[in-house]
Amino acid sequence: MAESTATNDKLHSVECALKALREDIGLLKTEWLALEAAAGRILATDVLATLDVPPFDASAMDGYALDHRHAESWLPISQRIAAGDTALPLTPSSCARLFTGSPVPDGADCVVMQERVELSEGVSEPQALMPAALTPGDNIRLRGQDITAGHLLLSAGTQLNAAALGMLAAQGITQVEVRCRPRVALLSTGDELVDPGTPLKPGQIYNSNRPMLSEILTRFGADIVLTGSLPDCADTTREQLKKAAELADVIVTTGGVSVGEEDHVRAVLESLGRLDLWRLALRPGKPLALGRMSRGDHSICRVLGLPGNPVSSFVGAWLFLRPLLGALLGAPQMASLPEWPAISNFSTRTGPRRHYMRVRLHAGKEGLCADAFANQDSGVLSSCFAADALAVIPENTRIEPGDHIICLPLSNDF
Ligand code: AMP
Ligand code: MG
């Protein structure tokens, strides 16, 4: 599969790159974390429910519990059950005063909300008049209606979002086993790059890829363990890649993967490890490289060489880094982006490369409509700033306004 020479013009499909990316992938190690520290992390194992939720039949209202056959009757109030109390069995032909979350006593099969109950006044032992037509189960949250003990609560690979953390806490769980975050080294190549904070000399530009990719990587669950700026020099590139491979599970480089004589990443990667694939039939981001390096302990460090153009590296991160990190994390939902059908509001045509256009989505009469940014050049990062999605325009296709297209939302969620 490896494509190692600059002279070979073959471009690989996105699907082929995704396949190469997942080949020989091993899952990351796991760690136990306190529940709240595990927010956003990927669950490493299935978790079974050991408790019914709710753990008892509970009132869904502030009101009165009774046997429904006593509808339309005056009943003595035989007990008061606050949330957190233990209920006694209901005295026959009586009702119990209770509140939202209170346990429903044995002998009662429904709860009437307090607004529907009339109370007798001026008597030492007040009575309550129940309304007509009561049905068993009214206003009761049955034991186990949310979660049943013994069933799967959350499966391995789930991202622990707010609701998942709440579900775990409802089981009394204090610690969870999650995948360690993938350690990523982010290396920017290019003699022209300087960091913000230093004045620009003629011909220089600021490194915009590093903060951009740091944010995207962190959002995808990575721990950035190393960042570096590399000159366009084969020896330094070799040294830095070697160092990064010892520290990181994934090395992400930007720039230096094209065919110019100042592009060293691909050749160095080939000499240090293995180039799995290079040059893709996509726009933006053709000169993307996938490879791997072995570490001292014989484990594998994956290398993703993204092109230097900020838009290309942005698109490459969504299309390839996300599934790569997802495969290491065992998170199948990160394998691909959701596909949303939309109606094009623009015209375009593609050649042999699939185009991932930055678009803005809005609701139209017949569903989602996609407006493309006027300038889709791979140097125009402002097109990514306001984009909701990437519109996928297949190879050798002509698109006119009104045509159906597929858009990949750039969502914050995994
Ligand atoms: P390269 O892939 O190295 O040929 O770079 C392609 C283009 O992207 C060139 O115009 C570079 O100046 C630009 N570029 C490369 N790296 C960065 C970066 N980190 N931030 C902004 N622009 C970059
Ligand atoms: Mg360069």
# chains A, B, ... in the order shown; residues from 1 in each chain; ligands from 1
call {"tool": "residues_around", "arguments": {"residues": "range 294-309 of chain A", "least_positions_apart": "5", "cutoff": "8 Å", "atoms": "only C-alpha atoms", "output": "list in words"}}
result
Thr189, Asn209, Ala245, Glu246, Ala248, Asp249, Val250, Ile251, Val252, Thr253, Thr254, Gly255, Gly256, Val257, Ser258, Val265, Arg266, Gly273, Gly285, Lys286, Pro287, Leu288, Ala289, Gly316, Ala317, Leu321, Ser378 and Gly379 of chain A
call {"tool": "select_by_dssp", "arguments": {"residues": "range 35-245 of chain A", "states": "strand (DSSP E)", "output": "PyMOL selection string"}}
result
chain A and resi 47-48+58-59+63-66+74-81+95-98+110-113+118-119+127-129+140-141+152-154+175-179+183-189+193-194+205-206+223-230
call {"tool": "residues_around", "arguments": {"residues": "Arg358 in chain A", "least_positions_apart": "6", "cutoff": "9 Å", "atoms": "only C-alpha atoms", "output": "list in words"}}
result
Asp371, Ala372, Phe373, Gln376, Ser383, Cys384, Ala386, Ala387, Asp388, Ala389, Leu390 and Ala391 of chain A
call {"tool": "atom_distance", "arguments": {"atom1": "CA of Gly260 in chain A", "atom2": "CA of Leu277 in chain A"}}
result
17.9 Å
call {"tool": "residues_around", "arguments": {"residues": "Gly364 in chain A", "least_positions_apart": "6", "cutoff": "10 Å", "atoms": "only C-alpha atoms", "output": "NGL selection string"}}
result
:A and (342-343 or 370)
call {"tool": "closest_residue", "arguments": {"among": "A:Asp191, A:Asp106, A:Asp276, A:Glu239", "to": "ligand 1", "atoms": "only C-alpha atoms and all ligand atoms"}}
result
A:Asp191
call {"tool": "select_by_dssp", "arguments": {"residues": "range 82-260 of chain A", "states": "alpha helix (DSSP H)", "output": "ChimeraX atom specification"}}
result
/A:162-170,209-219,234-247
call {"tool": "closest_residue", "arguments": {"among": "A:Phe220, A:Phe346, A:Phe385, A:Phe99", "to": "Ser59 in chain A", "atoms": "only C-alpha atoms"}}
result
A:Phe99
call {"tool": "atom_distance", "arguments": {"atom1": "CA of Leu272 in chain A", "atom2": "CA of Asp24 in chain A"}}
result
18.1 Å
call {"tool": "closest_atom_pairs", "arguments": {"of": "range 255-371 of chain A", "to": "range 394-410 of chain A", "cutoff": "7 Å", "atoms": "only C-alpha atoms", "output": "JSON lines"}}
result
{"residue": "A:Leu337", "atom": "CA", "partner": "A:Leu408", "partner_atom": "CA", "distance": 5.8}
{"residue": "A:Pro338", "atom": "CA", "partner": "A:Leu408", "partner_atom": "CA", "distance": 5.8}
{"residue": "A:Glu339", "atom": "CA", "partner": "A:Leu408", "partner_atom": "CA", "distance": 5.2}
{"residue": "A:Trp340", "atom": "CA", "partner": "A:Cys407", "partner_atom": "CA", "distance": 5.1}
{"residue": "A:Pro341", "atom": "CA", "partner": "A:Ile406", "partner_atom": "CA", "distance": 4.7}
{"residue": "A:Ala342", "atom": "CA", "partner": "A:Ile405", "partner_atom": "CA", "distance": 5.4}
{"residue": "A:Ile343", "atom": "CA", "partner": "A:His404", "partner_atom": "CA", "distance": 4.7}
{"residue": "A:Ser344", "atom": "CA", "partner": "A:Pro401", "partner_atom": "CA", "distance": 5.1}
{"residue": "A:Asn345", "atom": "CA", "partner": "A:Pro401", "partner_atom": "CA", "distance": 4.5}
{"residue": "A:Phe346", "atom": "CA", "partner": "A:Pro401", "partner_atom": "CA", "distance": 4.8}
{"residue": "A:Ser347", "atom": "CA", "partner": "A:Glu400", "partner_atom": "CA", "distance": 4.2}
{"residue": "A:Thr348", "atom": "CA", "partner": "A:Ile399", "partner_atom": "CA", "distance": 5.2}
{"residue": "A:Arg349", "atom": "CA", "partner": "A:Arg398", "partner_atom": "CA", "distance": 4.2}
{"residue": "A:Thr350", "atom": "CA", "partner": "A:Asn396", "partner_atom": "CA", "distance": 4.9}
{"residue": "A:Gly351", "atom": "CA", "partner": "A:Asn396", "partner_atom": "CA", "distance": 4.5}
{"residue": "A:Pro352", "atom": "CA", "partner": "A:Glu395", "partner_atom": "CA", "distance": 5.0}
{"residue": "A:Arg353", "atom": "CA", "partner": "A:Glu395", "partner_atom": "CA", "distance": 5.2}
{"residue": "A:Arg354", "atom": "CA", "partner": "A:Glu395", "partner_atom": "CA", "distance": 4.5}
{"residue": "A:His355", "atom": "CA", "partner": "A:Pro394", "partner_atom": "CA", "distance": 6.6}
call {"tool": "write_last_selection", "arguments": {"atoms": "N, CA, C and O atoms", "output": "CSV table (one decimal), in the first residue's frame"}}
result
chain,number,residue,atom,x,y,z
A,337,LEU,N,-17.6,11.3,10.8
A,337,LEU,CA,-18.5,12.4,11.2
A,337,LEU,C,-19.9,12.0,10.7
A,337,LEU,O,-20.1,11.3,9.8
A,338,PRO,N,-20.9,12.5,11.4
A,338,PRO,CA,-22.3,12.3,11.0
A,338,PRO,C,-22.5,12.9,9.6
A,338,PRO,O,-21.8,13.8,9.2
A,339,GLU,N,-23.4,12.3,8.8
A,339,GLU,CA,-23.6,12.8,7.4
A,339,GLU,C,-25.0,13.4,7.4
A,339,GLU,O,-26.0,12.7,7.6
A,340,TRP,N,-25.1,14.7,7.2
A,340,TRP,CA,-26.4,15.4,7.1
A,340,TRP,C,-26.7,15.8,5.7
A,340,TRP,O,-25.9,16.4,5.0
A,341,PRO,N,-27.9,15.3,5.2
A,341,PRO,CA,-28.3,15.8,3.8
A,341,PRO,C,-28.6,17.2,3.9
A,341,PRO,O,-29.2,17.7,4.8
A,342,ALA,N,-28.2,17.9,2.8
A,342,ALA,CA,-28.6,19.4,2.7
A,342,ALA,C,-28.8,19.7,1.3
A,342,ALA,O,-28.5,18.9,0.4
A,343,ILE,N,-29.3,20.9,1.1
A,343,ILE,CA,-29.5,21.4,-0.3
A,343,ILE,C,-28.5,22.5,-0.6
A,343,ILE,O,-28.3,23.4,0.2
A,344,SER,N,-27.8,22.4,-1.7
A,344,SER,CA,-26.7,23.3,-2.0
A,344,SER,C,-27.3,24.7,-2.4
A,344,SER,O,-28.4,24.7,-3.1
A,345,ASN,N,-26.7,25.7,-2.0
A,345,ASN,CA,-27.1,27.1,-2.4
A,345,ASN,C,-26.0,27.7,-3.3
A,345,ASN,O,-25.9,28.9,-3.4
A,346,PHE,N,-25.2,26.8,-3.8
A,346,PHE,CA,-24.0,27.3,-4.6
A,346,PHE,C,-23.8,26.4,-5.8
A,346,PHE,O,-24.3,25.3,-5.9
A,347,SER,N,-22.9,26.8,-6.7
A,347,SER,CA,-22.5,25.9,-7.8
A,347,SER,C,-21.0,25.7,-7.7
A,347,SER,O,-20.3,26.6,-7.3
A,348,THR,N,-20.6,24.5,-8.1
A,348,THR,CA,-19.2,24.2,-8.2
A,348,THR,C,-19.0,23.0,-9.0
A,348,THR,O,-20.0,22.3,-9.4
A,349,ARG,N,-17.8,22.7,-9.4
A,349,ARG,CA,-17.5,21.5,-10.1
A,349,ARG,C,-16.1,20.9,-9.6
A,349,ARG,O,-15.3,21.7,-9.2
A,350,THR,N,-16.0,19.6,-9.5
A,350,THR,CA,-14.8,19.0,-9.1
A,350,THR,C,-14.1,18.2,-10.2
A,350,THR,O,-14.8,17.8,-11.1
A,351,GLY,N,-12.8,18.0,-10.1
A,351,GLY,CA,-12.1,17.2,-10.9
A,351,GLY,C,-11.9,15.8,-10.3
A,351,GLY,O,-12.7,15.3,-9.5
A,352,PRO,N,-10.7,15.3,-10.4
A,352,PRO,CA,-10.4,13.9,-9.8
A,352,PRO,C,-10.3,13.9,-8.3
A,352,PRO,O,-10.2,12.9,-7.7
A,353,ARG,N,-10.3,15.1,-7.6
A,353,ARG,CA,-10.1,15.1,-6.2
A,353,ARG,C,-11.5,15.5,-5.5
A,353,ARG,O,-12.2,16.4,-6.0
A,354,ARG,N,-11.8,14.8,-4.5
A,354,ARG,CA,-13.1,15.1,-3.7
A,354,ARG,C,-12.8,16.4,-3.0
A,354,ARG,O,-11.8,16.6,-2.4
A,355,HIS,N,-13.8,17.2,-3.0
A,355,HIS,CA,-13.7,18.6,-2.4
A,355,HIS,C,-14.5,18.6,-1.1
A,355,HIS,O,-15.7,18.3,-1.1
call {"tool": "closest_residue", "arguments": {"among": "A:Trp318, A:Trp32, A:Tyr64, A:Trp74", "to": "Gln175 in chain A", "atoms": "only C-alpha atoms"}}
result
A:Trp32
call {"tool": "residues_around", "arguments": {"residues": "Ala34 in chain A", "least_positions_apart": "2", "cutoff": "9 Å", "atoms": "only C-alpha atoms", "output": "list in words"}}
result
Trp32, Glu36, Ala37, Ala38, Thr174, Gln175 and Val176 of chain A
call {"tool": "closest_residue", "arguments": {"among": "A:Ile205, A:Leu33, A:Ile393, A:Met293", "to": "ligand 1", "atoms": "only C-alpha atoms and all ligand atoms"}}
result
A:Ile205
call {"tool": "atom_distance", "arguments": {"atom1": "CA of Lys29 in chain A", "atom2": "CA of Arg183 in chain A"}}
result
11.3 Å
call {"tool": "closest_residue", "arguments": {"among": "A:Val268, A:Met334, A:Leu290, A:Ala149", "to": "Thr236 in chain A", "atoms": "only C-alpha atoms"}}
result
A:Val268
call {"tool": "closest_residue", "arguments": {"among": "A:Gly367, A:Gly291, A:Gly197, A:Gly172", "to": "Leu51 in chain A", "atoms": "only C-alpha atoms"}}
result
A:Gly172
call {"tool": "decode", "arguments": {"residues": "range 153-165 of chain A", "atoms": "N, CA and C atoms", "output": "compact mmCIF listing (two decimals), in the first residue's frame"}}
result
# COMPACT_ATOMS: atom_id res chain seq x y z
N LEU A 153 -25.57 -0.56 31.63
CA LEU A 153 -25.80 0.87 31.91
C LEU A 153 -25.15 1.71 30.81
N LEU A 154 -23.86 1.51 30.59
CA LEU A 154 -23.11 2.25 29.56
C LEU A 154 -22.09 1.29 28.95
N SER A 155 -21.90 1.36 27.65
CA SER A 155 -20.97 0.41 27.04
C SER A 155 -19.59 1.04 26.87
N ALA A 156 -18.60 0.16 26.80
CA ALA A 156 -17.22 0.59 26.57
C ALA A 156 -17.19 1.45 25.31
N GLY A 157 -16.41 2.52 25.34
CA GLY A 157 -16.31 3.40 24.17
C GLY A 157 -17.20 4.62 24.28
N THR A 158 -18.10 4.61 25.28
CA THR A 158 -18.99 5.76 25.46
C THR A 158 -18.19 6.95 25.97
N GLN A 159 -18.50 8.12 25.43
CA GLN A 159 -17.89 9.32 26.00
C GLN A 159 -18.72 9.76 27.20
N LEU A 160 -18.05 10.05 28.30
CA LEU A 160 -18.77 10.38 29.54
C LEU A 160 -19.23 11.84 29.49
N ASN A 161 -20.43 12.02 28.96
CA ASN A 161 -21.03 13.36 28.94
C ASN A 161 -21.78 13.58 30.25
N ALA A 162 -22.45 14.70 30.34
CA ALA A 162 -23.10 15.07 31.60
C ALA A 162 -24.09 14.00 32.05
N ALA A 163 -24.95 13.54 31.14
CA ALA A 163 -25.97 12.57 31.53
C ALA A 163 -25.33 11.24 31.93
N ALA A 164 -24.29 10.83 31.22
CA ALA A 164 -23.63 9.56 31.56
C ALA A 164 -23.03 9.63 32.97
N LEU A 165 -22.44 10.78 33.32
CA LEU A 165 -21.87 10.93 34.68
C LEU A 165 -22.99 10.85 35.71
